[in-house]
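Novice: Just one file: start29.pdb, with PDB, C-alpha atoms.
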ATOM      1  CA  GLN A  32     194.413 167.540 206.077
ATOM      2  CA  VAL A  33     191.871 169.006 203.667
ATOM      3  CA  GLN A  34     188.545 170.637 204.480
ATOM      4  CA  LEU A  35     185.965 170.695 201.712
ATOM      5  CA  VAL A  36     182.849 172.861 201.341
ATOM      6  CA  GLU A  37     180.394 172.379 198.487
ATOM      7  CA  SER A  38     178.039 174.988 197.092
ATOM      8  CA  GLY A  39     175.859 175.594 194.066
ATOM      9  CA  GLY A  40     173.133 173.033 194.569
ATOM     10  CA  GLY A  41     169.474 173.857 194.149
ATOM     11  CA  LEU A  42     166.254 173.169 192.293
ATOM     12  CA  VAL A  43     166.283 173.099 188.499
ATOM     13  CA  GLN A  44     163.939 171.869 185.786
ATOM     14  CA  ALA A  45     164.811 168.895 183.650
ATOM     15  CA  GLY A  46     167.085 169.936 180.807
ATOM     16  CA  GLY A  47     168.587 172.740 182.847
ATOM     17  CA  SER A  48     172.090 173.281 184.168
ATOM     18  CA  LEU A  49     173.833 173.758 187.491
ATOM     19  CA  ARG A  50     177.436 174.327 188.451
ATOM     20  CA  LEU A  51     178.641 172.878 191.711
ATOM     21  CA  SER A  52     181.706 174.286 193.412
ATOM     22  CA  CYS A  53     183.959 172.759 196.044
ATOM     23  CA  ALA A  54     186.248 175.018 198.046
ATOM     24  CA  ALA A  55     189.222 173.294 199.636
ATOM     25  CA  SER A  56     191.457 174.473 202.424
ATOM     26  CA  GLY A  57     195.030 173.356 202.838
ATOM     27  CA  ARG A  58     198.315 174.228 201.199
ATOM     28  CA  THR A  59     198.680 170.831 199.509
ATOM     29  CA  PHE A  60     195.388 170.850 197.616
ATOM     30  CA  SER A  61     197.134 170.452 194.268
ATOM     31  CA  SER A  62     198.545 167.092 195.332
ATOM     32  CA  TYR A  63     195.114 165.501 195.787
ATOM     33  CA  GLY A  64     192.991 163.731 193.250
ATOM     34  CA  MET A  65     189.421 165.012 193.523
ATOM     35  CA  GLY A  66     186.028 163.496 192.904
ATOM     36  CA  TRP A  67     182.300 164.076 193.030
ATOM     37  CA  PHE A  68     179.886 161.491 194.367
ATOM     38  CA  ARG A  69     176.132 161.562 194.842
ATOM     39  CA  GLN A  70     173.719 159.775 197.100
ATOM     40  CA  VAL A  71     169.991 159.250 197.288
ATOM     41  CA  PRO A  72     168.430 158.237 200.628
ATOM     42  CA  GLY A  73     168.431 154.487 201.025
ATOM     43  CA  LYS A  74     170.993 153.923 198.288
ATOM     44  CA  GLU A  75     174.761 153.589 198.203
ATOM     45  CA  ARG A  76     176.949 156.558 197.420
ATOM     46  CA  GLU A  77     177.514 156.644 193.659
ATOM     47  CA  SER A  78     180.562 157.881 191.785
ATOM     48  CA  VAL A  79     180.008 160.755 189.358
ATOM     49  CA  ALA A  80     183.329 162.180 188.161
ATOM     50  CA  ALA A  81     186.959 162.479 189.177
ATOM     51  CA  ILE A  82     189.966 164.549 188.175
ATOM     52  CA  SER A  83     193.689 164.032 188.624
ATOM     53  CA  TRP A  84     195.842 166.327 190.737
ATOM     54  CA  SER A  85     197.046 168.222 187.672
ATOM     55  CA  GLY A  86     193.700 168.249 185.896
ATOM     56  CA  SER A  87     195.107 166.368 182.928
ATOM     57  CA  GLY A  88     193.102 163.214 183.591
ATOM     58  CA  THR A  89     189.381 162.812 184.188
ATOM     59  CA  TYR A  90     186.897 160.031 184.758
ATOM     60  CA  TYR A  91     183.114 160.035 184.316
ATOM     61  CA  ALA A  92     180.467 157.541 185.274
ATOM     62  CA  ASP A  93     178.537 156.294 182.250
ATOM     63  CA  SER A  94     175.357 157.874 183.590
ATOM     64  CA  VAL A  95     176.777 161.412 183.319
ATOM     65  CA  LYS A  96     179.239 161.090 180.438
ATOM     66  CA  GLY A  97     178.667 163.807 177.845
ATOM     67  CA  ARG A  98     176.506 165.880 180.217
ATOM     68  CA  PHE A  99     178.778 166.658 183.189
ATOM     69  CA  THR A 100     182.244 168.213 183.196
ATOM     70  CA  ILE A 101     184.660 168.204 186.111
ATOM     71  CA  SER A 102     187.415 170.794 186.369
ATOM     72  CA  ARG A 103     189.759 172.270 188.934
ATOM     73  CA  ASP A 104     191.666 175.475 189.590
ATOM     74  CA  ASN A 105     194.636 174.694 191.813
ATOM     75  CA  ALA A 106     195.512 178.377 192.182
ATOM     76  CA  LYS A 107     192.125 178.951 193.808
ATOM     77  CA  ASN A 108     191.825 175.596 195.597
ATOM     78  CA  MET A 109     188.569 174.921 193.767
ATOM     79  CA  VAL A 110     186.922 171.989 192.033
ATOM     80  CA  TYR A 111     183.843 172.360 189.848
ATOM     81  CA  LEU A 112     181.167 170.125 188.409
ATOM     82  CA  GLN A 113     179.296 171.610 185.473
ATOM     83  CA  MET A 114     176.042 169.709 185.034
ATOM     84  CA  ASN A 115     174.076 170.138 181.802
ATOM     85  CA  SER A 116     170.974 168.442 180.417
ATOM     86  CA  LEU A 117     169.931 167.498 183.907
ATOM     87  CA  LYS A 118     167.460 164.675 184.423
ATOM     88  CA  PRO A 119     165.179 163.881 187.378
ATOM     89  CA  GLU A 120     167.358 160.842 188.095
ATOM     90  CA  ASP A 121     170.272 163.216 188.794
ATOM     91  CA  THR A 122     168.464 164.311 191.957
ATOM     92  CA  ALA A 123     170.713 163.558 194.933
ATOM     93  CA  VAL A 124     173.007 165.020 197.536
ATOM     94  CA  TYR A 125     176.322 165.698 195.808
ATOM     95  CA  TYR A 126     179.573 165.311 197.733
ATOM     96  CA  CYS A 127     183.035 166.586 196.951
ATOM     97  CA  ALA A 128     185.891 164.310 198.033
ATOM     98  CA  ALA A 129     189.690 164.368 198.083
ATOM     99  CA  SER A 130     192.047 161.455 197.663
ATOM    100  CA  VAL A 131     195.753 161.076 198.320
ATOM    101  CA  SER A 132     195.814 159.134 195.054
ATOM    102  CA  SER A 133     196.703 161.350 192.102
ATOM    103  CA  ARG A 134     194.239 159.501 189.827
ATOM    104  CA  PRO A 135     191.534 158.166 192.159
ATOM    105  CA  TRP A 136     189.598 155.934 189.814
ATOM    106  CA  GLY A 137     189.861 152.478 188.295
ATOM    107  CA  PRO A 138     187.561 151.843 190.153
ATOM    108  CA  MET A 139     186.231 155.068 191.599
ATOM    109  CA  THR A 140     184.985 153.956 195.016
ATOM    110  CA  PRO A 141     184.290 155.993 198.162
ATOM    111  CA  SER A 142     186.972 154.041 200.038
ATOM    112  CA  ARG A 143     189.661 155.628 197.854
ATOM    113  CA  TYR A 144     188.805 159.092 199.204
ATOM    114  CA  GLN A 145     189.952 160.268 202.617
ATOM    115  CA  TYR A 146     188.283 163.667 202.932
ATOM    116  CA  TRP A 147     184.660 164.619 202.333
ATOM    117  CA  GLY A 148     182.512 167.697 202.228
ATOM    118  CA  GLN A 149     179.101 167.969 203.851
ATOM    119  CA  GLY A 150     177.180 167.714 200.589
ATOM    120  CA  THR A 151     174.865 169.945 198.594
ATOM    121  CA  GLN A 152     171.353 169.022 197.457
ATOM    122  CA  VAL A 153     170.513 168.949 193.763
ATOM    123  CA  THR A 154     166.867 168.501 192.832
ATOM    124  CA  VAL A 155     165.755 168.155 189.211
ATOM    125  CA  SER A 156     162.037 168.480 188.585
ATOM    126  CA  SER A 157     160.304 166.843 185.641
TER     127      SER A 157
END
Kindly transcribe the structure held in the file into structure tokens.

Specialist:
Amino acid sequence: QVQLVESGGGLVQAGGSLRLSCAASGRTFSSYGMGWFRQVPGKERESVAAISWSGSGTYYADSVKGRFTISRDNAKNMVYLQMNSLKPEDTAVYYCAASVSSRPWGPMTPSRYQYWGQGTQVTVSS
């Protein structure tokens, strides 16, 4: 069992940066693949980025490639999403998720993730 708590969301101007953090509880955190998703009201949850249990493998959605970076610190039970060059279309609630799969992509779908945080709002103004 893994409990996830996101933080770091907020309001930022277009072109700015934010760093989201996800704190995980549980002694087996390092065995989980981790991912970030986002969702806008009325739309399906969208994949953003994922990272393997060791951190050696990553996946990015085309919409964020080159702007976002996912990382993890297994010693601290933390996952991060560094978001640069933010655009208004990045506005969404961002969710951290954990998967029992070590490389939870190919495809990266919500059904591959068993544990979810409560989400943090990111708003990018134009």

Novice: Report the residues retrieved by the PyMOL selection byres ((chain A and resi 131) around 12) from the displayed file, expressed as number ranges by chain.

Specialist: A: 32-33, 59-66, 83-84, 128-130, 132-136, 142-146

Novice: Please report the interatomic distance between CA of Lys107 in chain A and CA of Ser56 in chain A in Å with one decimal.

Specialist: 9.7 Å

Novice: Smallest atom-to-atom distance to Pro141 in chain A: which of A:Val79, A:Val124, A:Ala54, A:Met109, using only C-alpha atoms?

Specialist: A:Val79

Novice: Find the distance between CA of Ser94 in chain A and CA of Ile82 in chain A and write it in Å to one decimal.

Specialist: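 We find that CA of Ser94 in chain A and CA of Ile82 in chain A lie 16.7 Å from each other.
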
Novice: My list of candidates is A:Ala123, A:Leu42, A:Val155, A:Ala106. Which is closest to Glu75 in chain A when distances are computed with all atoms listed in the file?

Specialist: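 Ranking A:Ala123, A:Leu42, A:Val155, A:Ala106 by distance to Glu75 in chain A, first place goes to A:Ala123.
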
Novice: What does the structure give for the distance between CA of Asn115 in chain A and CA of Thr151 in chain A, in Å to one decimal?

Specialist: 16.8 Å

Novice: Where does the PyMOL selection byres ((chain A and resi 117-119) around 6) land in this file, that is, which residues does it pick, as an MDAnalysis selection string?

Specialist: chainID A and resid 45:47 115:116 120:122 155:157

Novice: Give the answer as one residue: which of A:Phe68, A:Trp147, A:Ala55, A:Thr140 has the shortest atom-to-atom distance to Arg103 in chain A, using only C-alpha atoms?

Specialist: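 Among the listed residues, A:Ala55 lies closest to Arg103 in chain A.
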
Novice: Expand the PyMOL selection byres ((chain A and resi 100) around 12) into the explicit residue set it covers here, and present it as JSON, numbers by chain.

Specialist: {"A": [48, 49, 50, 51, 52, 66, 67, 79, 80, 81, 82, 86, 88, 89, 90, 91, 92, 95, 96, 97, 98, 99, 101, 102, 103, 110, 111, 112, 113, 114, 115, 116]}

Novice: Measuring atom to atom with only C-alpha atoms, identify which of A:Gly41, A:Asp104, A:Leu35, A:Gln152 is nearest to Ser87 in chain A.

Specialist: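 Closest candidate: A:Asp104.
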
Novice: I'd like to know which of A:Gly137, A:Gly73, A:Tyr126, A:Gly57 is closest to Val36 in chain A, using all atoms listed in the file.

Specialist: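 Of A:Gly137, A:Gly73, A:Tyr126, A:Gly57, the one nearest Val36 in chain A is A:Tyr126, counting all atoms listed in the file.
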
Novice: Could you work out an axis-aligned bounding box for all listed atoms of range 136-152 of chain A, with 4 Å added on each of the six sides, and give its centre and edge lengths in Å to one decimal, as AutoDock Vina command-line options?

Specialist:
--center_x 180.7 --center_y 160.9 --center_z 196.1 --size_x 26.6 --size_y 26.1 --size_z 23.6
